[in-house]
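Source file protein35.txt; content: compact mmCIF, C-alpha atoms.
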# COMPACT_ATOMS: atom_id res chain seq x y z
CA MET A 185 26.96 30.08 -35.22
CA ALA A 186 27.06 27.79 -32.21
CA ALA A 187 30.26 25.99 -31.51
CA ALA A 188 30.29 22.31 -32.39
CA VAL A 189 29.91 19.93 -29.45
CA PRO A 190 33.00 17.75 -29.11
CA ALA A 191 32.31 14.17 -30.17
CA THR A 192 33.71 12.93 -26.88
CA PHE A 193 31.07 14.81 -24.88
CA ALA A 194 28.17 12.50 -25.72
CA GLN A 195 30.40 9.48 -25.13
CA ASP A 196 31.35 10.73 -21.69
CA VAL A 197 27.77 11.20 -20.52
CA LYS A 198 26.40 8.07 -18.85
CA GLU A 199 22.69 7.42 -18.76
CA ILE A 200 20.76 6.44 -15.67
CA THR A 201 17.73 4.71 -17.09
CA PHE A 202 14.66 4.99 -14.88
CA ILE A 203 11.28 3.28 -15.20
CA ASN A 204 8.48 5.39 -13.74
CA CYS A 205 5.15 3.57 -13.38
CA GLY A 206 1.99 5.43 -14.34
CA ASP A 207 0.55 7.55 -17.11
CA GLU A 208 2.96 10.44 -16.67
CA LEU A 209 6.20 11.32 -14.93
CA THR A 210 5.68 11.75 -11.19
CA ALA A 211 4.98 15.38 -10.29
CA GLY A 212 8.20 17.29 -9.65
CA TYR A 213 10.55 14.63 -11.00
CA ALA A 214 11.57 16.57 -14.12
CA GLU A 215 12.80 19.41 -11.93
CA TYR A 216 14.46 17.02 -9.46
CA PHE A 217 16.29 15.23 -12.28
CA ALA A 218 17.60 18.55 -13.60
CA GLU A 219 18.83 19.56 -10.13
CA TRP A 220 20.56 16.22 -9.63
CA GLU A 221 22.18 16.32 -13.08
CA ALA A 222 23.52 19.81 -12.38
CA ALA A 223 25.23 18.48 -9.26
CA ASN A 224 26.45 15.32 -11.01
CA PRO A 225 28.03 16.30 -14.36
CA GLY A 226 28.60 13.45 -16.76
CA PHE A 227 25.33 11.69 -15.92
CA LYS A 228 21.93 12.02 -17.55
CA VAL A 229 18.63 10.64 -16.26
CA ALA A 230 16.62 8.88 -18.98
CA PRO A 231 13.08 8.21 -17.68
CA GLU A 232 10.61 5.87 -19.34
CA ILE A 233 6.92 5.96 -18.47
CA VAL A 234 5.28 2.54 -18.29
CA GLY A 235 1.60 1.99 -17.44
CA TRP A 236 0.72 0.40 -14.11
CA GLY A 237 -0.53 -2.79 -15.74
CA GLN A 238 2.78 -3.50 -17.50
CA CYS A 239 5.31 -1.73 -15.31
CA GLN A 240 6.23 -4.50 -12.88
CA ASP A 241 6.44 -7.13 -15.60
CA LYS A 242 8.71 -4.98 -17.76
CA VAL A 243 11.12 -4.23 -14.92
CA THR A 244 11.30 -7.92 -14.01
CA THR A 245 11.74 -9.10 -17.60
CA LEU A 246 14.59 -6.68 -18.29
CA ALA A 247 16.40 -7.65 -15.09
CA ALA A 248 16.01 -11.39 -15.68
CA ALA A 249 17.30 -10.98 -19.25
CA GLY A 250 20.48 -9.29 -18.02
CA THR A 251 19.55 -5.89 -19.45
CA PRO A 252 18.26 -4.11 -16.35
CA VAL A 253 17.33 -0.48 -16.03
CA SER A 254 19.44 1.49 -13.57
CA LEU A 255 16.56 2.45 -11.30
CA ALA A 256 12.92 1.39 -11.22
CA TYR A 257 9.69 1.98 -9.37
CA VAL A 258 8.57 -1.38 -7.96
CA GLY A 259 6.16 -2.74 -5.40
CA SER A 260 8.17 -3.23 -2.19
CA ARG A 261 6.74 -6.75 -1.98
CA THR A 262 8.99 -7.73 -4.93
CA LEU A 263 12.27 -6.65 -3.33
CA LYS A 264 12.95 -9.94 -1.57
CA GLN A 265 12.60 -11.90 -4.79
CA PHE A 266 14.84 -9.46 -6.68
CA ALA A 267 17.45 -9.59 -3.93
CA LEU A 268 17.51 -13.37 -3.63
CA ASN A 269 18.01 -13.59 -7.39
CA ASP A 270 20.96 -11.17 -7.10
CA LEU A 271 19.31 -8.59 -9.35
CA ILE A 272 19.40 -5.52 -7.08
CA ILE A 273 21.83 -3.99 -4.62
CA PRO A 274 21.08 -3.15 -0.99
CA VAL A 275 20.37 0.46 -0.10
CA PRO A 276 21.11 0.49 3.63
CA MET A 277 19.57 3.17 5.83
CA THR A 278 21.31 4.84 8.72
CA ASP A 279 19.53 4.91 12.06
CA ASP A 280 18.72 8.57 11.45
CA GLU A 281 17.24 7.78 8.04
CA LYS A 282 15.06 5.02 9.53
CA ALA A 283 13.92 7.28 12.35
CA ALA A 284 12.81 9.95 9.88
CA TYR A 285 10.10 7.65 8.49
CA TYR A 286 6.79 6.72 10.04
CA ASN A 287 6.77 3.56 12.12
CA TYR A 288 7.24 0.34 10.09
CA VAL A 289 7.92 2.08 6.77
CA PRO A 290 11.57 0.87 6.72
CA ASP A 291 10.29 -2.66 7.47
CA THR A 292 8.43 -2.71 4.16
CA VAL A 293 11.77 -2.70 2.30
CA THR A 294 13.77 -4.78 4.80
CA PHE A 295 14.67 -8.45 5.04
CA ASP A 296 17.71 -10.15 6.57
CA GLY A 297 18.27 -6.89 8.41
CA THR A 298 19.05 -4.93 5.23
CA GLN A 299 17.06 -2.42 3.21
CA TRP A 300 16.74 -3.24 -0.49
CA GLY A 301 14.97 -0.18 -1.82
CA VAL A 302 14.09 3.44 -1.07
CA PRO A 303 10.42 3.95 -0.10
CA VAL A 304 8.73 6.18 -2.65
CA ALA A 305 4.97 5.85 -2.12
CA PHE A 306 2.84 4.92 0.88
CA SER A 307 -0.74 3.76 1.25
CA THR A 308 -2.88 3.41 4.37
CA LYS A 309 -6.62 2.87 4.70
CA ALA A 310 -9.48 4.10 6.87
CA LEU A 311 -13.19 3.38 7.27
CA PHE A 312 -15.60 5.47 5.17
CA TRP A 313 -19.32 5.51 5.92
CA ASN A 314 -22.44 6.94 4.33
CA LYS A 315 -24.13 9.09 6.98
CA ASP A 316 -27.49 9.11 5.18
CA LEU A 317 -27.65 5.32 5.18
CA PHE A 318 -26.71 5.23 8.85
CA GLU A 319 -29.54 7.61 9.65
CA ALA A 320 -32.02 5.70 7.48
CA ALA A 321 -31.15 2.52 9.37
CA GLY A 322 -31.71 4.17 12.75
CA LEU A 323 -28.02 4.61 13.57
CA ASP A 324 -26.36 7.81 14.72
CA PRO A 325 -24.91 9.20 11.48
CA GLU A 326 -22.06 10.88 13.36
CA VAL A 327 -20.86 7.75 15.17
CA PRO A 328 -18.89 5.15 13.16
CA PRO A 329 -18.22 1.64 14.47
CA LYS A 330 -15.12 1.42 16.65
CA THR A 331 -14.87 -2.38 16.92
CA TRP A 332 -15.42 -5.36 14.64
CA GLU A 333 -18.43 -6.31 16.74
CA GLU A 334 -19.98 -2.89 16.12
CA LYS A 335 -19.09 -2.97 12.43
CA ILE A 336 -20.89 -6.28 11.96
CA ALA A 337 -23.87 -5.11 14.05
CA PHE A 338 -24.12 -1.82 12.13
CA ALA A 339 -23.87 -3.65 8.80
CA LYS A 340 -26.69 -5.98 9.87
CA GLN A 341 -28.93 -3.09 10.94
CA ILE A 342 -28.32 -1.24 7.66
CA THR A 343 -28.95 -4.33 5.52
CA GLU A 344 -32.19 -5.09 7.34
CA ASN A 345 -33.54 -1.54 7.36
CA THR A 346 -32.49 -0.03 4.04
CA ASP A 347 -32.13 -1.06 0.40
CA ALA A 348 -28.34 -0.94 0.71
CA ALA A 349 -25.80 -3.47 1.94
CA GLY A 350 -24.07 -2.67 5.19
CA TYR A 351 -20.48 -3.36 4.13
CA GLY A 352 -18.45 -3.44 0.93
CA LEU A 353 -16.55 -6.74 0.96
CA VAL A 354 -13.61 -7.22 -1.42
CA ALA A 355 -13.08 -10.85 -2.49
CA LYS A 356 -12.32 -10.83 -6.22
CA THR A 357 -9.40 -12.80 -7.67
CA PHE A 358 -7.29 -9.65 -7.57
CA ASP A 359 -4.30 -8.52 -5.51
CA ASN A 360 -6.19 -6.17 -3.22
CA THR A 361 -8.31 -8.99 -1.83
CA LEU A 362 -5.13 -9.90 0.06
CA HIS A 363 -4.63 -6.27 1.03
CA GLN A 364 -8.18 -5.85 2.29
CA PHE A 365 -7.93 -8.97 4.44
CA LEU A 366 -4.68 -7.73 5.92
CA HIS A 367 -6.57 -4.72 7.28
CA TRP A 368 -8.48 -7.18 9.46
CA VAL A 369 -5.23 -8.90 10.45
CA TYR A 370 -3.49 -5.66 11.40
CA THR A 371 -6.43 -4.36 13.41
CA ASN A 372 -6.17 -7.39 15.68
CA ASN A 373 -2.39 -7.57 16.29
CA GLY A 374 -1.99 -10.46 13.85
CA SER A 375 0.68 -11.23 11.25
CA VAL A 376 1.45 -13.52 8.33
CA ILE A 377 5.22 -14.05 8.67
CA ASP A 378 7.71 -12.91 11.31
CA ALA A 379 11.16 -11.35 10.95
CA GLU A 380 12.81 -14.78 11.15
CA GLY A 381 10.74 -16.13 8.28
CA ASN A 382 8.31 -18.21 10.35
CA ILE A 383 4.74 -18.41 9.04
CA THR A 384 2.50 -16.95 11.76
CA LEU A 385 -0.80 -16.94 9.87
CA ASP A 386 -2.42 -19.79 11.82
CA SER A 387 -2.90 -17.83 15.05
CA PRO A 388 -5.85 -16.89 17.28
CA GLN A 389 -5.60 -13.28 16.09
CA VAL A 390 -5.87 -14.15 12.40
CA LEU A 391 -8.53 -16.80 13.05
CA ALA A 392 -10.60 -14.09 14.74
CA ALA A 393 -10.11 -11.89 11.67
CA LEU A 394 -11.22 -14.58 9.23
CA THR A 395 -14.18 -15.46 11.44
CA ALA A 396 -15.28 -11.81 11.59
CA LEU A 397 -15.02 -11.65 7.80
CA LYS A 398 -17.31 -14.67 7.54
CA ASP A 399 -19.76 -13.08 9.97
CA ILE A 400 -20.11 -9.89 7.90
CA VAL A 401 -20.71 -11.68 4.57
CA PRO A 402 -24.54 -11.75 4.95
CA TYR A 403 -24.55 -7.97 5.34
CA SER A 404 -22.29 -7.24 2.36
CA GLU A 405 -23.02 -6.64 -1.31
CA GLU A 406 -24.25 -9.68 -3.23
CA GLY A 407 -21.50 -11.80 -4.76
CA PRO A 408 -18.39 -10.19 -3.22
CA THR A 409 -16.05 -12.48 -5.17
CA ALA A 410 -16.93 -10.37 -8.23
CA TYR A 411 -15.60 -7.11 -6.77
CA GLU A 412 -12.22 -5.48 -6.18
CA GLN A 413 -11.72 -2.36 -4.07
CA ASN A 414 -12.32 0.28 -6.75
CA GLU A 415 -15.52 -1.48 -7.82
CA VAL A 416 -16.71 -1.62 -4.21
CA ARG A 417 -15.85 2.06 -3.85
CA ALA A 418 -18.03 2.81 -6.89
CA ILE A 419 -20.95 0.98 -5.26
CA TRP A 420 -20.41 3.04 -2.09
CA LEU A 421 -20.36 6.28 -4.08
CA ASP A 422 -23.70 5.24 -5.63
CA GLY A 423 -25.22 4.56 -2.21
CA GLY A 424 -25.28 0.78 -2.61
CA VAL A 425 -23.20 -0.01 0.47
CA ALA A 426 -22.79 1.94 3.70
CA MET A 427 -19.21 1.18 4.78
CA ILE A 428 -15.95 0.55 2.95
CA GLU A 429 -12.24 0.57 3.75
CA ALA A 430 -10.39 2.78 1.32
CA SER A 431 -7.53 5.21 0.69
CA PRO A 432 -7.74 9.05 0.81
CA GLY A 433 -8.81 9.06 -2.82
CA ALA A 434 -12.29 8.00 -1.70
CA ALA A 435 -12.61 11.29 0.21
CA LEU A 436 -11.98 13.30 -2.94
CA ARG A 437 -14.51 11.28 -4.92
CA ALA A 438 -17.11 11.52 -2.14
CA GLU A 439 -16.73 15.29 -2.10
CA GLU A 440 -17.12 15.44 -5.88
CA ALA A 441 -20.23 13.25 -5.66
CA GLY A 442 -21.79 15.49 -2.98
CA MET A 443 -22.10 12.62 -0.52
CA ASN A 444 -22.86 12.98 3.18
CA TRP A 445 -19.94 10.91 4.42
CA GLY A 446 -17.50 10.40 7.25
CA VAL A 447 -14.11 8.75 7.71
CA ALA A 448 -12.60 7.19 10.83
CA ASP A 449 -9.99 4.73 12.10
CA LEU A 450 -10.50 1.14 10.99
CA PRO A 451 -12.60 -0.74 13.58
CA LEU A 452 -10.54 -2.86 15.95
CA GLY A 453 -10.52 -6.55 16.83
CA PRO A 454 -10.43 -7.89 20.40
CA ASP A 455 -6.62 -8.20 20.52
CA ALA A 456 -5.81 -4.82 18.96
CA GLN A 457 -3.25 -2.68 20.74
CA GLY A 458 -4.33 0.49 18.95
CA PRO A 459 -5.43 1.78 15.55
CA GLY A 460 -3.99 -0.31 12.72
CA THR A 461 -3.87 -0.62 8.95
CA LEU A 462 -1.92 -2.41 6.26
CA LEU A 463 1.15 -0.35 5.40
CA ILE A 464 1.89 -0.70 1.70
CA THR A 465 4.84 1.00 0.09
CA ASP A 466 6.34 1.12 -3.36
CA ALA A 467 10.08 1.59 -3.62
CA LEU A 468 12.88 2.61 -5.94
CA ALA A 469 15.14 -0.39 -6.61
CA VAL A 470 18.72 -0.07 -7.83
CA PHE A 471 19.58 -2.86 -10.26
CA LYS A 472 22.93 -4.60 -10.57
CA GLY A 473 25.18 -4.68 -13.61
CA THR A 474 24.52 -1.23 -15.04
CA GLY A 475 27.81 0.38 -14.06
CA VAL A 476 25.99 3.33 -12.51
CA GLU A 477 24.74 1.74 -9.31
CA GLU A 478 26.33 4.40 -7.12
CA GLN A 479 24.77 7.24 -9.08
CA ALA A 480 21.38 5.52 -9.26
CA THR A 481 21.41 5.18 -5.48
CA SER A 482 22.29 8.85 -5.14
CA LEU A 483 19.44 9.81 -7.48
CA ALA A 484 16.92 7.64 -5.61
CA LYS A 485 17.80 9.25 -2.29
CA PHE A 486 17.80 12.73 -3.81
CA ILE A 487 14.31 12.59 -5.31
CA THR A 488 12.82 10.99 -2.15
CA ASP A 489 14.43 13.36 0.32
CA GLY A 490 12.17 15.20 2.79
CA GLU A 491 10.65 18.23 1.09
CA ARG A 492 10.85 16.78 -2.43
CA GLN A 493 9.11 13.59 -1.38
CA TRP A 494 6.41 15.53 0.49
CA ALA A 495 5.63 17.64 -2.58
CA ALA A 496 5.32 14.53 -4.76
CA GLU A 497 3.06 12.85 -2.18
CA MET A 498 0.71 15.80 -1.92
CA ALA A 499 0.47 16.05 -5.71
CA GLN A 500 -0.60 12.38 -5.86
CA GLY A 501 -2.82 12.25 -2.75
CA LEU A 502 -0.54 9.72 -1.04
CA THR A 503 -0.08 9.14 2.68
CA PRO A 504 3.14 10.89 3.79
CA LEU A 505 6.10 8.57 4.35
CA ARG A 506 7.57 10.87 6.99
CA PRO A 507 5.92 12.83 9.82
CA LEU A 508 7.32 16.15 8.67
CA GLN A 509 6.42 19.06 10.92
CA PRO A 510 4.76 21.52 10.59
CA GLN A 511 3.54 20.17 7.23
CA THR A 512 1.58 17.27 8.76
CA ASP A 513 -0.17 19.56 11.25
CA ALA A 514 -1.07 21.95 8.45
CA LEU A 515 -2.39 19.09 6.30
CA ILE A 516 -4.73 17.84 9.04
CA ALA A 517 -5.84 21.39 9.85
CA GLU A 518 -6.76 21.98 6.22
CA LYS A 519 -8.16 18.51 5.51
CA ALA A 520 -9.25 16.82 8.73
CA TYR A 521 -10.06 13.59 6.90
CA TRP A 522 -6.32 12.82 6.75
CA LYS A 523 -6.09 12.09 10.49
CA PRO A 524 -7.27 8.44 10.51
CA PHE A 525 -4.89 7.59 7.68
CA LEU A 526 -2.02 8.64 9.94
CA ASP A 527 -3.50 7.26 13.18
CA GLY A 528 -3.37 3.67 11.94
CA ILE A 529 0.35 3.70 11.24
CA GLU A 530 1.53 3.20 14.82
CA PHE A 531 0.06 -0.28 15.17
CA GLY A 532 -0.11 -1.18 11.49
CA GLY A 533 1.84 -3.86 9.71
CA PRO A 534 3.86 -4.09 6.49
CA GLU A 535 2.98 -6.00 3.36
CA PRO A 536 4.52 -9.45 3.95
CA LEU A 537 7.80 -10.03 2.09
CA PHE A 538 7.84 -13.44 0.38
CA THR A 539 10.20 -14.90 -2.19
CA ASP A 540 7.20 -15.69 -4.37
CA TYR A 541 4.72 -12.89 -3.82
CA VAL A 542 2.28 -14.21 -6.42
CA GLY A 543 2.21 -17.51 -4.55
CA LEU A 544 1.40 -15.68 -1.30
CA GLN A 545 -1.29 -13.66 -3.02
CA ASN A 546 -2.98 -16.69 -4.61
CA VAL A 547 -3.03 -18.67 -1.36
CA MET A 548 -4.52 -15.80 0.61
CA ILE A 549 -7.15 -15.01 -2.03
CA GLU A 550 -8.20 -18.66 -2.17
CA MET A 551 -8.45 -18.72 1.63
CA VAL A 552 -10.64 -15.60 1.74
CA GLN A 553 -12.85 -16.78 -1.11
CA SER A 554 -13.34 -20.22 0.42
CA VAL A 555 -14.67 -18.64 3.61
CA VAL A 556 -16.73 -15.94 1.87
CA THR A 557 -18.48 -18.52 -0.34
CA GLY A 558 -18.97 -21.00 2.51
CA ALA A 559 -16.76 -23.64 0.92
CA ALA A 560 -14.60 -23.84 4.06
CA GLU A 561 -14.78 -22.90 7.71
CA PRO A 562 -12.29 -20.28 8.93
CA ALA A 563 -10.16 -22.60 11.09
CA ALA A 564 -9.71 -25.20 8.36
CA ALA A 565 -9.07 -22.58 5.67
CA LEU A 566 -6.46 -20.87 7.85
CA THR A 567 -4.57 -24.07 8.62
CA THR A 568 -4.53 -25.06 4.94
CA ALA A 569 -3.29 -21.64 3.86
CA ALA A 570 -0.56 -21.52 6.49
CA GLY A 571 0.77 -24.87 5.30
CA GLU A 572 0.75 -23.81 1.65
CA LEU A 573 2.61 -20.58 2.39
CA GLU A 574 5.71 -22.48 3.52
CA GLN A 575 6.74 -23.11 -0.09
CA TYR A 576 6.59 -19.41 -1.00
CA LYS A 577 8.42 -17.71 1.87
Whole structure given in structure tokens:
Amino acid sequence: MAAAVPATFAQDVKEITFINCGDELTAGYAEYFAEWEAANPGFKVAPEIVGWGQCQDKVTTLAAAGTPVSLAYVGSRTLKQFALNDLIIPVPMTDDEKAAYYNYVPDTVTFDGTQWGVPVAFSTKALFWNKDLFEAAGLDPEVPPKTWEEKIAFAKQITENTDAAGYGLVAKTFDNTLHQFLHWVYTNNGSVIDAEGNITLDSPQVLAALTALKDIVPYSEEGPTAYEQNEVRAIWLDGGVAMIEASPGAALRAEEAGMNWGVADLPLGPDAQGPGTLLITDALAVFKGTGVEEQATSLAKFITDGERQWAAEMAQGLTPLRPLQPQTDALIAEKAYWKPFLDGIEFGGPEPLFTDYVGLQNVMIEMVQSVVTGAAEPAAALTTAAGELEQYK
């Protein structure tokens, strides 16, 4: 007969509650939790799986109500708002920790010179094209556009010479309309807000981006305000558009569909300094008032450390957060399509950190839609948006 467990044992064990977004626990986390618990007796990780559609709202609601979870998976864009409302604690990085990440990754969790979360997932984009549609339009199927000018010209030629649209334009009232526009911004050395909190949207670089977006509208799918990125990707997979900007997941789906496709760096604007892309991260945030902040921080750093993080990334098809060698070389050697997703990091830019991210998102979507539908000219739309962003920074 097993010995009875002392009543004090359960009382002495402190829970670290953890909200994990998605349909299942992130690959490897169960094992990582067990390893961490073995090294930290007296503490038990209690994960809760919350679907993507409800995850952010639940984390925010619990924190605002004064009943926060210890640790949570959040979009890095929310960290500034959490911090300014005194709901999370800083998680400072040493210089060595910062240097271990790809360029700009620490910036995605930084404001006022402090890091407020631990990066846990990373997304970059590249240009995918349908080689058969290129060939049908009289283009070289092995040569993707390298500049915005070429992208627009190729899209025009495809639209005029095939039954497909040249480009998949994302302009739905949905968060990734902002993300897709930022790819144009970050391939022309533009920005939305600087490190000092100054709105930098109304600039020649961003005006050029918005103008190029307007110029490609006639060669895009009909009614782009009805489509978000996954819907545009579906049209591409069906042969309805020739070019899209998407994550590595599009490569897997193209292979499954038996497409004749290619992937390359995002085409560049006239002021680009090199390959660029929007750098989006999610992060683990440590919430205040739980009594286990120190242990939650330790857990966050443990499960996102080097080899563990790499394994989780590969299981999910995510862009690596760190340029680990020789793993990165082996990845590109095995799957060459990964290269452009890493190339764009050097001159990419982070998701802008605003106090009111929803406000930022709504202003930028309205700006894009006004230009796409012809309701406003790029210069006027840009100036209006820049002025409206002041209240949300």
Shell around region 573-577 of chain A at 6 Å using only C-alpha atoms, local window under 2 positions removed, as a list in words: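 Those residues are Phe538, Thr539, Asp540, Gly543, Ala570 and Gly571 of chain A.
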Contacts of Ala348 (chain A) within 12 Å, only C-alpha atoms, excl. fewer than 6 positions in-chain, as JSON, numbers by chain: {"A": [314, 316, 317, 318, 320, 321, 339, 340, 341, 342, 403, 404, 405, 406, 419, 420, 421, 422, 423, 424, 425, 426, 427]}
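Between CA of Asp449 (chain A) and CA of Pro524 (chain A) lies a distance of 4.9 Å.
Counting only C-alpha atoms and comparing A:Ala434, A:Val401, A:Val555, A:Leu255, the residue that lies closest to Ile273 (chain A) is A:Leu255.
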Atomic distance CA of Val275 (chain A) - CA of Met498 (chain A), expressed in Å with one decimal: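 Separation of CA of Val275 (chain A) and CA of Met498 (chain A): 25.0 Å.
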Would you kindly identify which residues have an atom no farther than 7 Å from (-5.8, 1.5, 8.1), using all atoms listed in the file and the file's own coordinates, and write them out as a PDB file with C-alpha atoms, in the frame of the given file?
ATOM      1  CA  THR A 308      -2.880   3.410   4.370  1.00  0.00           C
ATOM      2  CA  LYS A 309      -6.620   2.870   4.700  1.00  0.00           C
ATOM      3  CA  ALA A 310      -9.480   4.100   6.870  1.00  0.00           C
ATOM      4  CA  HIS A 367      -6.570  -4.720   7.280  1.00  0.00           C
ATOM      5  CA  ASP A 449      -9.990   4.730  12.100  1.00  0.00           C
ATOM      6  CA  LEU A 450     -10.500   1.140  10.990  1.00  0.00           C
ATOM      7  CA  GLY A 460      -3.990  -0.310  12.720  1.00  0.00           C
ATOM      8  CA  THR A 461      -3.870  -0.620   8.950  1.00  0.00           C
ATOM      9  CA  LEU A 462      -1.920  -2.410   6.260  1.00  0.00           C
ATOM     10  CA  PHE A 525      -4.890   7.590   7.680  1.00  0.00           C
ATOM     11  CA  GLY A 528      -3.370   3.670  11.940  1.00  0.00           C
TER      12      GLY A 528
END
Atomic distance CA of Glu208 (chain A) - CA of Tyr288 (chain A), expressed in Å with one decimal: 28.9 Å
From A:Trp368, A:Phe358, A:Trp236, A:Trp494, residue lying nearest Ile549 (chain A) [all atoms listed in the file]: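 Checking each candidate against Ile549 (chain A), we get A:Phe358 as the closest.
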For Val258 (chain A): contacts at 9 Å, only C-alpha atoms, fewer than 3 positions along chain excluded, given as number ranges by chain: A: 204-205, 239-240, 243, 261-263, 301, 466-469
Point (11.6, 9.3, 7.4) neighbourhood (8 Å, all atoms listed in the file) written as a ChimeraX atom specification: /A:281-286,490,505-507
Those residues with C-alpha atoms, as a PDB file, in the coordinates of the input please?
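Once written, result-v3.pdb looks like this:
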ATOM      1  CA  GLU A 281      17.240   7.780   8.040  1.00  0.00           C
ATOM      2  CA  LYS A 282      15.060   5.020   9.530  1.00  0.00           C
ATOM      3  CA  ALA A 283      13.920   7.280  12.350  1.00  0.00           C
ATOM      4  CA  ALA A 284      12.810   9.950   9.880  1.00  0.00           C
ATOM      5  CA  TYR A 285      10.100   7.650   8.490  1.00  0.00           C
ATOM      6  CA  TYR A 286       6.790   6.720  10.040  1.00  0.00           C
ATOM      7  CA  GLY A 490      12.170  15.200   2.790  1.00  0.00           C
ATOM      8  CA  LEU A 505       6.100   8.570   4.350  1.00  0.00           C
ATOM      9  CA  ARG A 506       7.570  10.870   6.990  1.00  0.00           C
ATOM     10  CA  PRO A 507       5.920  12.830   9.820  1.00  0.00           C
TER      11      PRO A 507
END
Within 9 Å of region 452-458 of chain A using only C-alpha atoms, minus same-chain residues under 5 positions, as a list of chain:residue names: A:Lys330, A:Thr331, A:Trp332, A:Glu333, A:Trp368, A:Val369, A:Tyr370, A:Thr371, A:Asn372, A:Asn373, A:Gly374, A:Gln389, A:Ala392, A:Ala393, A:Ala396, A:Asp527, A:Gly528, A:Glu530, A:Phe531, A:Gly532
